[in-house]
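Working notes, beginning with the structure itself.
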Amino acid sequence: MTRRPLRHTLSLSALAACGLAVTLVGCSSPATSAPADDVDWDALSHEELVEMATEEGEVNAYAFTSRIAAIEESFEAEYPDIDVVASDISSSELITRLATEHTAGSATADVAYVSDAPVVVTELLADGVLLPYVPSRVSDALPSEFQEPLPANRLSTKVLMYNEEAHPDGPPVTKLWELTEDDWSGRVVLVDPNVRGDYLDLATEFSLRADEMTSAYADHFGEEIALDDGVPDAGLQFMKDLYANDAVLVDDTDTVNAAVGVTGQEDPPVGFTSYSDRRDNEEEGWALQVASGVAPSPGIVFPAYLGVTANAENPAAARLLIDFMMGDDSATGGPGFEPFYVAGDYPTRTDIDTPADALSLDELAAWRIDPEASAEHRSDVADFLLTIQ
Amino acid sequence: MIVRSRVSAAVRQPALWLAIAVLAVLIILVALPLAGLIAATTGDDGDGSWGDVLASPMSQALFWQPLGGSLLVGLGTGVIATLIGAFLAWIVVMSDVPGRRVIGVLAAIPFALPSFAIALAWESVFRNDRIGGTTGLLFSLGIPVPDWLAWGPVPVILTLVAHYYSLSFLVIAAALANVGGDLVAAAELTGASRARVAARIVIPSVAPAVLSGFLLAFAEGVSNFAVPALLGLPVRFQTLSTRLYGAISTGDSARGYVLSILLIVVAGVILFIGNRTTGGRSFSTITGKATRARVTRTGGWRAPLAMIAWAIVIITAIIPGIVLVVSTLLRRTNSFDSGFTLHYWIGESDPSISHGMRGVLRDPTVLQATGGTLGLGVVVALGSVLIGLLAAYAIRQRPQARTANGAISLLAYVPFLIPGVALGAAFIAQFGAPIGPFGSLYGTFGIIVLAGIAASIPFAFQTAKSALGQVAPELDEAAVLTGASGPRRLARITVPLVSRGLANGGILVFVTMVRDLSVVVLLVTPATPLLSMMTFRYASEGFAQQASAITLIIAVISVAATLLARLLEKSRDGRPERNLS
């Protein structure tokens with residue numbers, strides 16, 4: 001239902017009619033379907049973009065986070081003549097919705113802010129539902145890996161966390177392979193990777209980093225790893241051993257946080273969760289801390305993508321919103337990045353400082369996922385995990 | 001000649017036209033989305049999903065074990081919920097147990113509470129140290145709680161029963177209220193024992209309702225995702241619904257759709273078996289004569305029965321309700337240590353709490369969303385009750401048309417087994433583009449209403465069917481002799497007689513609609529905010545108190561709707577008799 005390739009047809013006459021004639025109200029009218037554009041967006045100055053966006057007067061955004069509400073407020077404060085209409089729904093629903101709306105040719109969002117990068121690659125980019133837009137003013141400060149296939153404004157994490165109240169001297173584990181030993185039997189908590197995409201990405205990354213998992217095994221056990229029958233690589237052998245060691249699968253990241261983090265526990269488990277959830281420690285009564293220095297890596301960092309929809313009715317305002325959410329030139333990214341400037345998440349722009357109270361990205365040493373490589377591999381990993389339940 | 005006269009006779013048959021119209025509506029609202037679901041699982045789009053699910057090394061974990069889990073949960077929930085519902089219905093309608101009216105009101109509440117509130121209540125008592133974190137009451141008192149009691153099928157089934165027995169209760173209570181006291185009295189005069197009266201009169205006459213209640217609880221049990229995910233996953237207990245949602249949310253929707261089609265097949269088999277076992281055994285108890293249900297003297301059993309009934313409603317309605325209320329008042333999620341606050345209801349923005357979010361009652365969108373939610377609930381309830389009534393009526397008018405009736409029954413039963421996301425996507429595909437001269441429905445309130453109706457037809461149909469099953473056909477036949485037209489007979493005779501059943505159907509639809517999320521999530525626009533969307537948003541961002549507060553608003557609306565329907569019913573009492581005498 002979601003994988004039909006759709007070739008977006010460009011209408012030359014429509015292009016000619018609209019073009020740069022920003023005074024033509026008709027071009028931005030929602031009544032016309034598939035307003036194709038021949039605008040060279042990269043060549044526009046910021047003022048020209050603002051002028052066109054103001055002419056459109058509205059921008060419709062789908063986002064996977066409720067923090068879009070804060071963006072709505074700050075964007076409208078900055079550009080009072082442009083109305084942001086924001087919906088927040090979960091990434092998987094957002095992806096289904098964009099793909100179906102695209103296929104049906106119905107009115108849809110102008111901008112999508114979406115996680116689940118590998119699914120975006122297979123379900124949306126392959127069909128041309130989303131287009132990239134990298135504001136030229138930030139392209140120098142944005143590493144190329146965060147410009148392609150869609151620009152990312154920040155990175156989130158799924159990393160091994162422990163309870164720092166119970167372990168004040170640092171992480172109780174230093175190597176991932178320890179988690180497959182008796183000491184940690186029944187005491188490693190994670191969301192079932194067959195239920196949630198970001199945890200499937202984590203398992204996929206173990207598999208893609210099989211070489212590192214192989215040498216980490218040798219480092220820890222002092223012998224070469226011997227793969228079980230039917231296990232393709234060391235990363236998946238780790239998942240199999242982890243499952244066999246009675247790892248506890250749950251349905252939700254907050255369940256992991258509470259299980260690992262709640263204070264007053266004598267012998268709390270460890271678990272894979274978001275580093276940025278540490279910011280809720282005080283409010284929730286948790287003592288979450290990242291198990292930094294775990295070899296070969298504590299987990300993954302992954303991007304949140306921004307994209308313009310192919311059929312955007314407000315293509316200029318869409319790009320202006322993306323421009324806004326990429327942050328301004330201050331050290332914290334300004335109001336457009338403020339909701340995302342939290343300890344444990346990472347701005348992709350090299351000229352924005354890492355938020356205080358968290359390890360830098362280098363210190364964290366988590367694996368950066370490559371969404372396109374993950375996309376190719378993750379369904380095999382999902383299938384494998386189903387055979388080791 | 002013969003053929004032509006047969007055709008013309010058929011054309012003149014209004015019942016046939018009704019059946020055709022009902023089928024047409026069901027095809028548009030249910031069969032087409034279902035066909036889209038099947039199309040998405042075959043050919044290139046399907047990516048070999050059928051083979052993966054049914055015949056591959058994954059099949060065991062992907063289908064067969066979850067199938068066992070689903071059958072266990074569905075049948076367990078269906079049977080126990082029906083037993084409890086029937087017991088309470090008997091207590092409320094036919095016994096002399098003290099406080100039975102209040103029990104009747106309370107027994108309708110659990111369905112209006114979110115299933116996670118009951119699951120949380122379970123956890124707060126029985127949670128052991130399996131996953132770490134805060135343990136439940138028993139464990140912290142030093143009482144060891146085995147894994148089978150804390151996690152897996154047992155708590156999943158019991159939690160779902162606590163949630164869904166309301167369905168059987170409402171349907172069966174409506175049917176019992178129609179079992180005439182004179183019938184029972186007559187039987188007793190012939191010297192029949194109480195057990196014999198129960199077995200030969202009362203039970204057969206409510207059999208259609210018992211079956212409907214069971215079918216609804218079964219379908220809810222197998223389609224529920226939240227409870228098995230919360231209480232089952234930690235011991236790797238999977239059902240088809242957890243696998244289905246997992247497949248969709250990890251980006252393999254074709255595989256998820258295959259699982260949901262298989263779930264529909266399983267439900268179809270259960271529906272078929274259910275109809276076969278109770279088929280032809282229903283009694284007409286609504287005869288148009290004014291009768292009151294006969295109160296059974298319970299004598300020495302009065303106190304123990306009252307205690308059991310009260311215990312059930314206290315555990316399933318009052319305690320989870322309190323848990324829900326308290327969870328909105330805790331300064332810190334699930335922790336009593338840091339005290340209570342009204343901040344999440346009425347607080348001004350405070351940057352140190354919930355990232356500066358203000359209390360829900362200060363949020364103007366809450367009011368707007370409440371209005372939208374009420375509107376949606378009422379419109380969808382009216383629409384689906386109308387369709388459900390007409391569908392049940394069409395089946396009854398032409399009992400000989402087995403194929404058509406089977407198709408209607410099945411199409412009116414399966415919608416809530418179609419995953420909400422898939423139903424929503426199908427509606428976008430179907431109504432997203434402009435249809436002929438009509439504009440696109442997409443992005444309008446209309447498409448949400450249509451999808452809502454499609455999703456809630458099962459409640460309306462099952463309740464209407466069980467209510468109609470009790471109406472004596474002689475009443476309708478008598479009216480035919482007076483020359484009353486079909487619509488007039490339906491409106492003046494049948495509808496008033498089954499009004500209680502229909503009202504119950506309406507309540508069930510309304511309650512599901514005001515709290516349902518999965519169907520509307522793909523279809524809503526920011527212009528039409530809904531309370532269920534707000535709960536989801538708060539919950540997914542970890543704002544548990546705000547999520548609970550909105551949930552509580554939803555629950556209050558649902559309970560108020562239930563009470564209102566009861567009041568309306570009371571004021572109608574006696575009217576059918578007056579009309580017919």
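Numbering starts fresh at 1 for the residues of each chain in the structure tokens, the chains themselves are lettered A, B, ... in the order given, and ligands are numbered from 1 as they appear.
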
Counting only C-alpha atoms, which residues of chain B come no farther than 6 Å from chain A, as number ranges by chain?
-> B: 40, 58, 61, 132-133, 229, 233-234, 246, 249-251, 332, 429, 432-433, 522, 526

Could you pull out all residues of region 132-368 of chain A with a DSSP call of strand (DSSP E) and give them as a ChimeraX atom specification?
-> /A:152-163,188-191,248-250,270-273,288-290,299-309,346-347,367-368

How would the residues just chosen look if you wrote them out with N, CA and C atoms as a tab-separated table (two decimals), in the first residue's frame?
```
chain	number	residue	atom	x	y	z
A	152	ALA	N	19.47	16.76	8.32
A	152	ALA	CA	19.10	16.45	9.69
A	152	ALA	C	19.48	17.65	10.55
A	153	ASN	N	18.61	18.02	11.49
A	153	ASN	CA	18.99	19.14	12.34
A	153	ASN	C	19.55	18.69	13.69
A	154	ARG	N	19.28	17.43	14.04
A	154	ARG	CA	19.85	16.95	15.30
A	154	ARG	C	19.94	15.44	15.30
A	155	LEU	N	20.67	14.92	16.29
A	155	LEU	CA	20.84	13.49	16.43
A	155	LEU	C	20.29	13.06	17.78
A	156	SER	N	19.63	11.91	17.80
A	156	SER	CA	19.19	11.33	19.07
A	156	SER	C	19.93	10.02	19.27
A	157	THR	N	19.72	9.43	20.46
A	157	THR	CA	20.54	8.27	20.81
A	157	THR	C	19.68	7.10	21.30
A	158	LYS	N	20.23	5.91	21.16
A	158	LYS	CA	19.76	4.74	21.92
A	158	LYS	C	21.03	4.10	22.45
A	159	VAL	N	21.30	4.33	23.72
A	159	VAL	CA	22.57	3.88	24.29
A	159	VAL	C	22.35	3.15	25.61
A	160	LEU	N	23.38	2.43	26.04
A	160	LEU	CA	23.28	1.69	27.30
A	160	LEU	C	23.33	2.68	28.47
A	161	MET	N	22.33	2.58	29.35
A	161	MET	CA	22.27	3.48	30.50
A	161	MET	C	22.25	2.63	31.78
A	162	TYR	N	22.74	3.23	32.88
A	162	TYR	CA	22.72	2.51	34.15
A	162	TYR	C	22.23	3.45	35.24
A	163	ASN	N	22.11	2.92	36.45
A	163	ASN	CA	21.60	3.69	37.58
A	163	ASN	C	22.78	4.22	38.38
A	188	VAL	N	19.02	-7.09	31.71
A	188	VAL	CA	19.23	-6.12	30.64
A	188	VAL	C	17.86	-5.83	30.03
A	189	VAL	N	17.46	-4.56	30.04
A	189	VAL	CA	16.12	-4.20	29.58
A	189	VAL	C	16.23	-3.42	28.27
A	190	LEU	N	15.42	-3.79	27.31
A	190	LEU	CA	15.33	-3.01	26.08
A	190	LEU	C	13.94	-3.15	25.48
A	191	VAL	N	13.57	-2.20	24.63
A	191	VAL	CA	12.31	-2.32	23.92
A	191	VAL	C	12.49	-3.37	22.83
A	248	VAL	N	15.25	-8.71	29.09
A	248	VAL	CA	13.84	-8.37	29.30
A	248	VAL	C	13.39	-7.42	28.21
A	249	LEU	N	12.42	-7.87	27.40
A	249	LEU	CA	11.89	-7.01	26.35
A	249	LEU	C	10.65	-6.30	26.87
A	250	VAL	N	10.55	-5.01	26.61
A	250	VAL	CA	9.36	-4.26	27.02
A	250	VAL	C	8.82	-3.51	25.81
A	270	VAL	N	20.43	-2.78	33.78
A	270	VAL	CA	20.87	-1.77	32.82
A	270	VAL	C	19.96	-1.88	31.60
A	271	GLY	N	19.96	-0.84	30.77
A	271	GLY	CA	19.06	-0.92	29.63
A	271	GLY	C	19.44	0.06	28.54
A	272	PHE	N	18.92	-0.20	27.34
A	272	PHE	CA	19.16	0.70	26.21
A	272	PHE	C	18.02	1.71	26.11
A	273	THR	N	18.37	2.98	26.15
A	273	THR	CA	17.34	4.01	26.08
A	273	THR	C	17.97	5.31	25.57
A	288	LEU	N	19.35	8.00	35.98
A	288	LEU	CA	19.88	7.48	34.72
A	288	LEU	C	21.21	8.13	34.39
A	289	GLN	N	22.15	7.31	33.94
A	289	GLN	CA	23.41	7.85	33.45
A	289	GLN	C	23.88	6.95	32.31
A	290	VAL	N	24.59	7.56	31.35
A	290	VAL	CA	25.02	6.78	30.21
A	290	VAL	C	26.25	5.95	30.59
A	299	GLY	N	26.12	2.30	21.97
A	299	GLY	CA	24.87	2.24	21.21
A	299	GLY	C	24.95	3.09	19.96
A	300	ILE	N	23.83	3.69	19.58
A	300	ILE	CA	23.77	4.41	18.30
A	300	ILE	C	23.31	5.85	18.46
A	301	VAL	N	23.72	6.69	17.51
A	301	VAL	CA	23.09	8.00	17.33
A	301	VAL	C	22.47	8.00	15.94
A	302	PHE	N	21.31	8.64	15.86
A	302	PHE	CA	20.59	8.62	14.57
A	302	PHE	C	19.93	9.97	14.33
A	303	PRO	N	19.71	10.30	13.05
A	303	PRO	CA	19.24	11.65	12.71
A	303	PRO	C	17.73	11.81	12.75
A	304	ALA	N	17.28	13.06	12.92
A	304	ALA	CA	15.89	13.43	12.69
A	304	ALA	C	15.89	14.28	11.43
A	305	TYR	N	15.13	13.83	10.44
A	305	TYR	CA	15.16	14.45	9.11
A	305	TYR	C	14.14	15.57	8.93
A	306	LEU	N	14.53	16.52	8.08
A	306	LEU	CA	13.59	17.55	7.62
A	306	LEU	C	13.45	17.41	6.12
A	307	GLY	N	12.23	17.42	5.62
A	307	GLY	CA	12.05	17.31	4.17
A	307	GLY	C	10.86	18.12	3.69
A	308	VAL	N	10.92	18.55	2.43
A	308	VAL	CA	9.79	19.25	1.80
A	308	VAL	C	9.02	18.20	1.02
A	309	THR	N	7.69	18.23	1.10
A	309	THR	CA	6.94	17.24	0.32
A	309	THR	C	6.93	17.63	-1.15
A	346	TYR	N	22.05	15.92	20.02
A	346	TYR	CA	23.21	16.61	19.45
A	346	TYR	C	22.85	17.39	18.21
A	347	PRO	N	23.18	18.70	18.19
A	347	PRO	CA	22.99	19.45	16.96
A	347	PRO	C	23.92	18.91	15.88
A	367	TRP	N	27.88	4.68	17.86
A	367	TRP	CA	27.95	4.50	16.42
A	367	TRP	C	26.92	5.40	15.74
A	368	ARG	N	27.35	6.05	14.67
A	368	ARG	CA	26.43	6.85	13.88
A	368	ARG	C	25.80	5.94	12.84
```

When distances are computed from only C-alpha atoms, which of B:Thr525, B:Gly505, B:Gly359, B:Ala254 shows the smallest separation from Asp52 (chain B)?
->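 Looking only at the distances to Asp52 (chain B), the closest residue turns out to be B:Ala254.
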
Please identify all polymer residues within 9 Å of Glu212 (chain A), counting only C-alpha atoms, omitting same-chain residues fewer than 5 positions from it, and present them as a PyMOL selection string.
-> chain A and resi 206+217+234-235+296

Taking only C-alpha atoms into account, which of B:Trp301, B:Tyr164, B:Tyr413, B:Trp122 comes nearest Ser95 (chain B)?
->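 When distances to Ser95 (chain B) are compared using only C-alpha atoms, the smallest one comes from B:Trp301.
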
Shell around region 206-210 of chain B at 6 Å using only C-alpha atoms, local window under 4 positions removed, as a PDB file with C-alpha atoms, in the first residue's frame:
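selection_38.pdb was written with the following content:
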```pdb
ATOM      1  CA  VAL B 171     -25.911  -6.380  26.097  1.00  0.00           C
ATOM      2  CA  ILE B 172     -27.145  -9.141  28.387  1.00  0.00           C
ATOM      3  CA  ALA B 175     -31.929  -8.670  26.972  1.00  0.00           C
ATOM      4  CA  SER B 466     -29.340  -9.292  19.989  1.00  0.00           C
TER       5      SER B 466
END
```

Separating CA of Gly213 (chain B) from CA of Leu170 (chain B), to the nearest tenth of an Å, is a gap of 8.3 Å

For the atom pair CA of Ile448 (chain B) and CA of Ala318 (chain A), what is the interatomic distance in Å to one decimal place?
-> 26.4 Å
